[in-house]
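Chemist: So here's input10.tsv (TSV, C-alpha atoms).
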chain	number	residue	atom	x	y	z
A	16	ASP	CA	18.63	-11.09	-17.19
A	17	MET	CA	21.54	-8.77	-17.88
A	18	ALA	CA	20.37	-8.09	-21.45
A	19	ARG	CA	16.80	-7.51	-20.28
A	20	ASP	CA	17.91	-5.02	-17.61
A	21	GLY	CA	20.30	-3.18	-19.93
A	22	ILE	CA	23.50	-4.26	-18.12
A	23	ASP	CA	26.58	-4.36	-20.36
A	24	TYR	CA	29.06	-5.71	-17.82
A	25	LEU	CA	28.65	-7.16	-14.34
A	26	VAL	CA	31.60	-7.24	-11.92
A	27	LEU	CA	31.63	-9.00	-8.57
A	28	SER	CA	34.20	-9.74	-5.89
A	29	GLY	CA	34.26	-12.94	-3.87
A	30	ASN	CA	35.46	-11.25	-0.71
A	31	LYS	CA	32.11	-9.43	-0.55
A	32	LEU	CA	30.30	-12.78	-0.77
A	33	TYR	CA	32.12	-14.59	2.07
A	34	ALA	CA	34.22	-16.49	-0.49
A	35	PRO	CA	37.91	-17.14	0.26
A	36	PHE	CA	40.92	-17.31	-2.10
A	37	GLY	CA	40.53	-13.89	-3.73
A	38	ALA	CA	38.41	-14.82	-6.76
A	39	GLY	CA	36.14	-12.42	-8.59
A	40	ALA	CA	34.40	-12.25	-11.96
A	41	ILE	CA	33.60	-9.95	-14.84
A	42	ILE	CA	30.63	-10.99	-16.95
A	43	GLY	CA	29.90	-9.43	-20.32
A	44	ARG	CA	29.07	-10.05	-23.95
A	45	GLY	CA	31.41	-12.54	-25.55
A	46	ASP	CA	32.03	-10.44	-28.68
A	47	TRP	CA	32.94	-7.39	-26.59
A	48	LEU	CA	35.29	-9.33	-24.32
A	49	GLY	CA	36.79	-11.01	-27.37
A	50	ALA	CA	37.57	-7.67	-28.99
A	51	GLY	CA	39.12	-6.14	-25.87
A	52	THR	CA	42.78	-5.80	-25.00
A	53	PRO	CA	43.81	-8.77	-22.82
A	54	TYR	CA	43.78	-7.90	-19.14
A	55	LEU	CA	46.97	-9.92	-18.54
A	56	ALA	CA	49.55	-11.17	-21.02
A	57	GLY	CA	50.76	-14.70	-20.47
A	58	GLY	CA	50.22	-18.39	-20.91
A	59	GLY	CA	46.73	-19.40	-21.87
A	60	ALA	CA	45.78	-15.95	-23.14
A	61	VAL	CA	48.02	-16.21	-26.22
A	62	HIS	CA	46.92	-18.12	-29.31
A	63	ARG	CA	50.20	-17.63	-31.16
A	64	GLY	CA	53.27	-15.62	-30.13
A	65	ARG	CA	55.97	-14.09	-32.32
A	66	PRO	CA	59.00	-11.93	-31.45
A	67	ASP	CA	57.22	-8.71	-32.42
A	68	THR	CA	53.53	-9.50	-32.09
A	69	ALA	CA	50.97	-11.95	-30.78
A	70	SER	CA	47.50	-13.16	-31.59
A	71	TRP	CA	45.26	-13.63	-28.60
A	72	ALA	CA	42.89	-16.39	-27.57
A	73	ALA	CA	39.15	-15.97	-27.81
A	74	GLY	CA	36.60	-16.21	-25.04
A	75	PRO	CA	37.34	-15.91	-21.33
A	76	ALA	CA	40.86	-17.35	-21.79
A	77	ARG	CA	41.82	-14.07	-23.49
A	78	HIS	CA	41.71	-12.31	-20.13
A	79	GLU	CA	42.83	-15.15	-17.84
A	80	ALA	CA	46.55	-15.64	-18.35
A	81	GLY	CA	48.41	-18.05	-16.14
A	82	SER	CA	47.18	-20.85	-13.93
A	83	PRO	CA	43.48	-20.44	-13.16
A	84	ASN	CA	42.38	-19.94	-9.56
A	85	LEU	CA	40.41	-23.19	-9.46
A	86	MET	CA	39.95	-23.20	-5.67
A	87	GLY	CA	38.76	-19.61	-5.80
A	88	VAL	CA	36.29	-20.28	-8.60
A	89	ALA	CA	34.81	-23.29	-6.80
A	90	ALA	CA	34.52	-21.34	-3.54
A	91	LEU	CA	32.97	-18.35	-5.30
A	92	GLY	CA	30.39	-20.55	-7.00
A	93	LYS	CA	29.46	-22.26	-3.74
A	94	ALA	CA	29.17	-18.93	-1.90
A	95	ALA	CA	26.87	-17.60	-4.63
A	96	GLU	CA	24.69	-20.72	-4.36
A	97	VAL	CA	24.39	-20.43	-0.58
A	98	LEU	CA	23.57	-16.72	-0.64
A	99	SER	CA	21.07	-17.14	-3.48
A	100	ALA	CA	19.11	-19.63	-1.37
A	101	LEU	CA	18.63	-17.15	1.49
A	102	ASP	CA	15.58	-14.99	2.00
A	103	PRO	CA	16.91	-11.43	1.50
A	104	GLU	CA	14.35	-9.72	3.75
A	105	PRO	CA	15.41	-11.29	7.11
A	106	TRP	CA	19.04	-10.83	6.06
A	107	GLN	CA	18.45	-7.14	5.40
A	108	ARG	CA	16.58	-6.68	8.69
A	109	HIS	CA	19.42	-8.39	10.56
A	110	GLU	CA	22.05	-6.02	9.16
A	111	GLU	CA	19.79	-2.98	9.63
A	112	THR	CA	19.24	-3.87	13.30
A	113	LEU	CA	22.96	-4.14	13.96
A	114	ARG	CA	23.80	-1.01	12.01
A	115	SER	CA	21.14	1.12	13.68
A	116	TYR	CA	22.10	-0.12	17.15
A	117	LEU	CA	25.79	0.61	16.69
A	118	GLU	CA	25.29	3.93	14.94
A	119	ALA	CA	22.94	5.18	17.67
A	120	GLY	CA	25.34	4.02	20.39
A	121	LEU	CA	28.32	5.73	18.77
A	122	ARG	CA	26.44	8.98	18.23
A	123	SER	CA	25.65	9.08	21.95
A	124	LEU	CA	29.35	9.10	22.91
A	125	PRO	CA	31.40	12.31	23.19
A	126	GLY	CA	34.20	12.74	20.69
A	127	ILE	CA	32.82	10.16	18.25
A	128	HIS	CA	32.02	11.29	14.73
A	129	VAL	CA	29.94	8.94	12.58
A	130	HIS	CA	30.67	9.60	8.91
A	131	ARG	CA	27.87	9.34	6.40
A	132	ILE	CA	27.77	11.36	3.19
A	133	PHE	CA	24.23	10.31	2.19
A	134	GLY	CA	21.02	11.33	3.91
A	135	GLU	CA	19.04	9.18	6.33
A	136	GLU	CA	16.51	8.42	3.60
A	137	THR	CA	19.15	6.54	1.61
A	138	GLU	CA	19.12	2.78	2.12
A	139	ALA	CA	22.30	1.66	3.90
A	140	VAL	CA	24.09	-1.66	4.16
A	141	GLY	CA	25.65	-3.23	7.26
A	142	ILE	CA	28.54	-0.78	7.59
A	143	VAL	CA	29.24	2.02	10.08
A	144	ASN	CA	32.16	4.39	9.52
A	145	PHE	CA	33.41	6.55	12.38
A	146	SER	CA	36.41	8.26	13.96
A	147	VAL	CA	37.49	9.02	17.53
A	148	ALA	CA	38.61	12.57	18.25
A	149	GLY	CA	42.25	12.80	19.30
A	150	TYR	CA	43.17	9.27	18.18
A	151	ASP	CA	44.75	7.94	15.02
A	152	ALA	CA	42.36	5.51	13.36
A	153	GLY	CA	45.01	2.79	13.16
A	154	LEU	CA	45.74	3.12	16.86
A	155	VAL	CA	42.06	2.72	17.75
A	156	ALA	CA	41.85	-0.38	15.57
A	157	ALA	CA	44.94	-1.90	17.21
A	158	TYR	CA	43.54	-1.09	20.67
A	159	LEU	CA	40.14	-2.64	19.96
A	160	SER	CA	41.80	-5.75	18.60
A	161	ALA	CA	44.34	-6.20	21.38
A	162	GLU	CA	42.24	-5.19	24.37
A	163	HIS	CA	38.67	-6.06	23.35
A	164	GLY	CA	38.89	-8.75	20.66
A	165	VAL	CA	37.13	-6.59	18.06
A	166	GLY	CA	38.39	-6.41	14.50
A	167	LEU	CA	37.77	-3.26	12.44
A	168	ARG	CA	39.13	-2.00	9.15
A	169	ASP	CA	41.05	1.27	9.42
A	170	GLY	CA	42.55	3.58	6.82
A	171	LYS	CA	41.17	5.26	3.73
A	172	PHE	CA	39.45	2.22	2.16
A	173	CYS	CA	40.71	2.91	-1.38
A	174	ALA	CA	38.85	6.25	-1.21
A	175	HIS	CA	41.74	8.61	-0.42
A	176	PRO	CA	40.29	11.75	-2.07
A	177	LEU	CA	37.04	11.38	-0.11
A	178	LEU	CA	38.74	10.82	3.26
A	179	ASN	CA	41.08	13.74	2.62
A	180	ARG	CA	38.11	15.95	1.76
A	181	LEU	CA	36.44	14.90	5.00
A	182	GLY	CA	39.53	16.05	6.93
A	183	LEU	CA	40.65	12.58	8.00
A	184	PRO	CA	44.38	12.36	7.20
A	185	SER	CA	44.82	9.07	9.07
A	186	GLY	CA	41.60	7.67	7.66
A	187	SER	CA	38.73	6.40	9.76
A	188	LEU	CA	37.33	3.16	11.17
A	189	ARG	CA	34.84	0.85	9.51
A	190	ALA	CA	32.72	-1.75	11.27
A	191	SER	CA	31.16	-4.23	8.86
A	192	PHE	CA	28.30	-6.58	9.70
A	193	GLY	CA	27.23	-9.75	7.98
A	194	LEU	CA	25.31	-12.95	8.39
A	195	GLY	CA	27.52	-14.19	11.20
A	196	SER	CA	27.47	-10.96	13.22
A	197	ARG	CA	25.48	-10.69	16.44
A	198	LEU	CA	24.10	-7.88	18.55
A	199	ASP	CA	26.63	-8.89	21.21
A	200	ASP	CA	29.43	-8.14	18.72
A	201	ALA	CA	28.17	-4.61	18.24
A	202	GLY	CA	27.78	-4.25	22.01
A	203	ARG	CA	31.38	-5.34	22.58
A	204	LEU	CA	32.57	-2.75	20.07
A	205	LEU	CA	30.60	-0.03	21.84
A	206	ALA	CA	31.97	-1.12	25.21
A	207	GLY	CA	35.51	-0.96	23.84
A	208	VAL	CA	35.06	2.56	22.50
A	209	GLU	CA	33.49	3.67	25.79
A	210	ALA	CA	36.44	2.20	27.70
A	211	LEU	CA	38.88	4.07	25.46
A	212	LEU	CA	37.11	7.37	26.11
A	213	ARG	CA	36.88	6.69	29.85
A	214	GLU	CA	40.25	5.08	30.62
A	215	GLY	CA	42.47	5.59	27.59
A	216	LEU	CA	44.91	2.95	26.39
A	217	ARG	CA	45.83	0.29	28.94
A	218	LEU	CA	48.72	-1.10	26.90
A	219	ASP	CA	51.58	0.52	24.98
A	220	TYR	CA	51.56	0.71	21.20
A	221	LEU	CA	54.08	1.73	18.56
A	222	ILE	CA	54.28	1.95	14.79
A	223	GLU	CA	56.11	-0.80	12.91
A	224	CYS	CA	56.12	-1.05	9.12
A	225	GLY	CA	53.51	1.71	9.00
A	226	ARG	CA	51.05	-0.08	11.30
A	227	TRP	CA	50.15	0.34	14.96
A	228	VAL	CA	51.06	-2.77	16.99
A	229	LEU	CA	51.53	-3.64	20.64
A	230	ALA	CA	54.90	-2.52	21.97
A	231	GLN	CA	55.26	-5.83	23.81
A	232	GLU	CA	53.24	-8.68	22.36
A	233	SER	CA	52.36	-11.16	25.10
A	234	ARG	CA	49.29	-12.82	23.60
A	235	PRO	CA	49.67	-16.43	22.49
A	236	PHE	CA	49.75	-16.67	18.70
A	237	PRO	CA	48.44	-19.82	17.02
A	238	ASP	CA	51.02	-21.90	15.19
A	239	TRP	CA	49.81	-20.75	11.78
A	240	ALA	CA	50.06	-17.01	12.56
A	241	PRO	CA	53.51	-15.50	12.00
A	242	VAL	CA	54.69	-13.29	14.85
A	243	MET	CA	55.58	-10.19	12.87
A	244	PRO	CA	54.48	-6.56	12.57
A	245	GLY	CA	50.98	-6.13	11.28
A	246	THR	CA	49.59	-9.43	12.61
A	247	ALA	CA	48.41	-8.09	15.96
A	248	GLY	CA	44.79	-8.82	15.09
A	249	ALA	CA	45.47	-12.50	14.38
A	250	ALA	CA	45.77	-13.58	18.00
A	251	PRO	CA	43.06	-13.89	20.67
A	252	ALA	CA	42.27	-10.85	22.78
A	253	GLN	CA	44.16	-10.48	26.03
A	254	ALA	CA	42.18	-11.57	29.07
Please rewrite the model in this file as structure tokens.
Modeler:
Amino acid sequence: DMARDGIDYLVLSGNKLYAPFGAGAIIGRGDWLGAGTPYLAGGGAVHRGRPDTASWAAGPARHEAGSPNLMGVAALGKAAEVLSALDPEPWQRHEETLRSYLEAGLRSLPGIHVHRIFGEETEAVGIVNFSVAGYDAGLVAAYLSAEHGVGLRDGKFCAHPLLNRLGLPSGSLRASFGLGSRLDDAGRLLAGVEALLREGLRLDYLIECGRWVLAQESRPFPDWAPVMPGTAGAAPAQA
């Protein structure tokens, strides 16, 4: 299929496919990969090593030094199988419904700026990016997590030049929807933002290790979650 469609290389990331353990893949022609400089130098990628030079392995091993991520590969394969069996049209409608609902709700609120660099005619995925006037993006994310049980990504999303150009020095907020997301989840996010605009912060927050966290953490953490700066989103929301 790749050769037919004129694709030289295909790269995918497991964390975009609901797969745990951080695995990803690069797929390409064997002769091209075999002629390339090894991505990592180490055990398994070396055919023969000498003090001043080395000859490298052929095939995928050339770019996969060290112990392979077997759990990650198995999880990635299973995730791909599950997603491939789904009908894409209902999936797309589900994400579009959530995205449209949240985006319309945010646009109706004062002081909320929804960021979108492409026109409305461009097909969008289940992501809404926005900022709240007068609030650092990281503070809003910590507030929504601690006081409303909503988890958002905040920052510059590995797109620093773009966020700087948009005039967002602290970054922005990103709500992402997927197969497990519900309309109630989007509604709870909207209610949290409305409460912030209406009442402000109910709890005190401070910056530790570059991240906004609760000044006094009183929520019960599960045994597996370390109580340390930056883990504020790991615990249940405060009642």
Chemist: So that I can check the surroundings of Leu85 of chain A, please list as a list in words every protein, DNA and RNA residue that reaches within 12 Å of it, counting only C-alpha atoms and ignoring chain neighbours fewer than 4 positions away.
Modeler: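 Those residues are Pro35, Phe36, Gly37, Ala38, Gly39, Glu79, Gly81, Ala89, Ala90, Leu91 and Gly92 of chain A.
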Chemist: Could you give me, as a list in words, the residues within 6 Å of segment 147-153 of chain A, counting all atoms listed in the file and dropping anything in the same chain fewer than 2 positions from it?
Modeler: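 Listed by chain and then number, they are Gly126, Ile127, Val155, Ala156, Asp169, Ser187, Leu188 and Trp227 of chain A.
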Chemist: Within 10 Å of segment 203-213 of chain A, which residues of segment 78-120 of chain A come that close, and what is the closest atom pair and distance in Å for each? Count only C-alpha atoms and give it as a Markdown table.
Modeler:
| residue | atom | partner | partner_atom | distance |
| --- | --- | --- | --- | --- |
| A:Tyr116 | CA | A:Leu205 | CA | 9.7 |
| A:Leu117 | CA | A:Leu205 | CA | 7.1 |
| A:Glu118 | CA | A:Leu205 | CA | 9.6 |
| A:Gly120 | CA | A:Leu205 | CA | 6.8 |
Chemist: Would you put the residues from that selection into a file with C-alpha atoms, as a PDB file, in the coordinates of the input?
Modeler:
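This went into out33.pdb:
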ATOM      1  CA  TYR A 116      22.100  -0.120  17.150  1.00  0.00           C
ATOM      2  CA  LEU A 117      25.790   0.610  16.690  1.00  0.00           C
ATOM      3  CA  GLU A 118      25.290   3.930  14.940  1.00  0.00           C
ATOM      4  CA  GLY A 120      25.340   4.020  20.390  1.00  0.00           C
TER       5      GLY A 120
END
Chemist: Looking at A:Leu218, A:Met86, A:Asp23, A:Ser70, which one is nearest to Glu232 of chain A, with distances taken over only C-alpha atoms?
Modeler: A:Leu218
Chemist: When you draw a straight line from atom CA of Pro53 of chain A to atom CA of Pro83 of chain A, how long is it in Å?
Modeler: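 According to the coordinates, atom CA of Pro53 of chain A and atom CA of Pro83 of chain A are separated by 15.2 Å.
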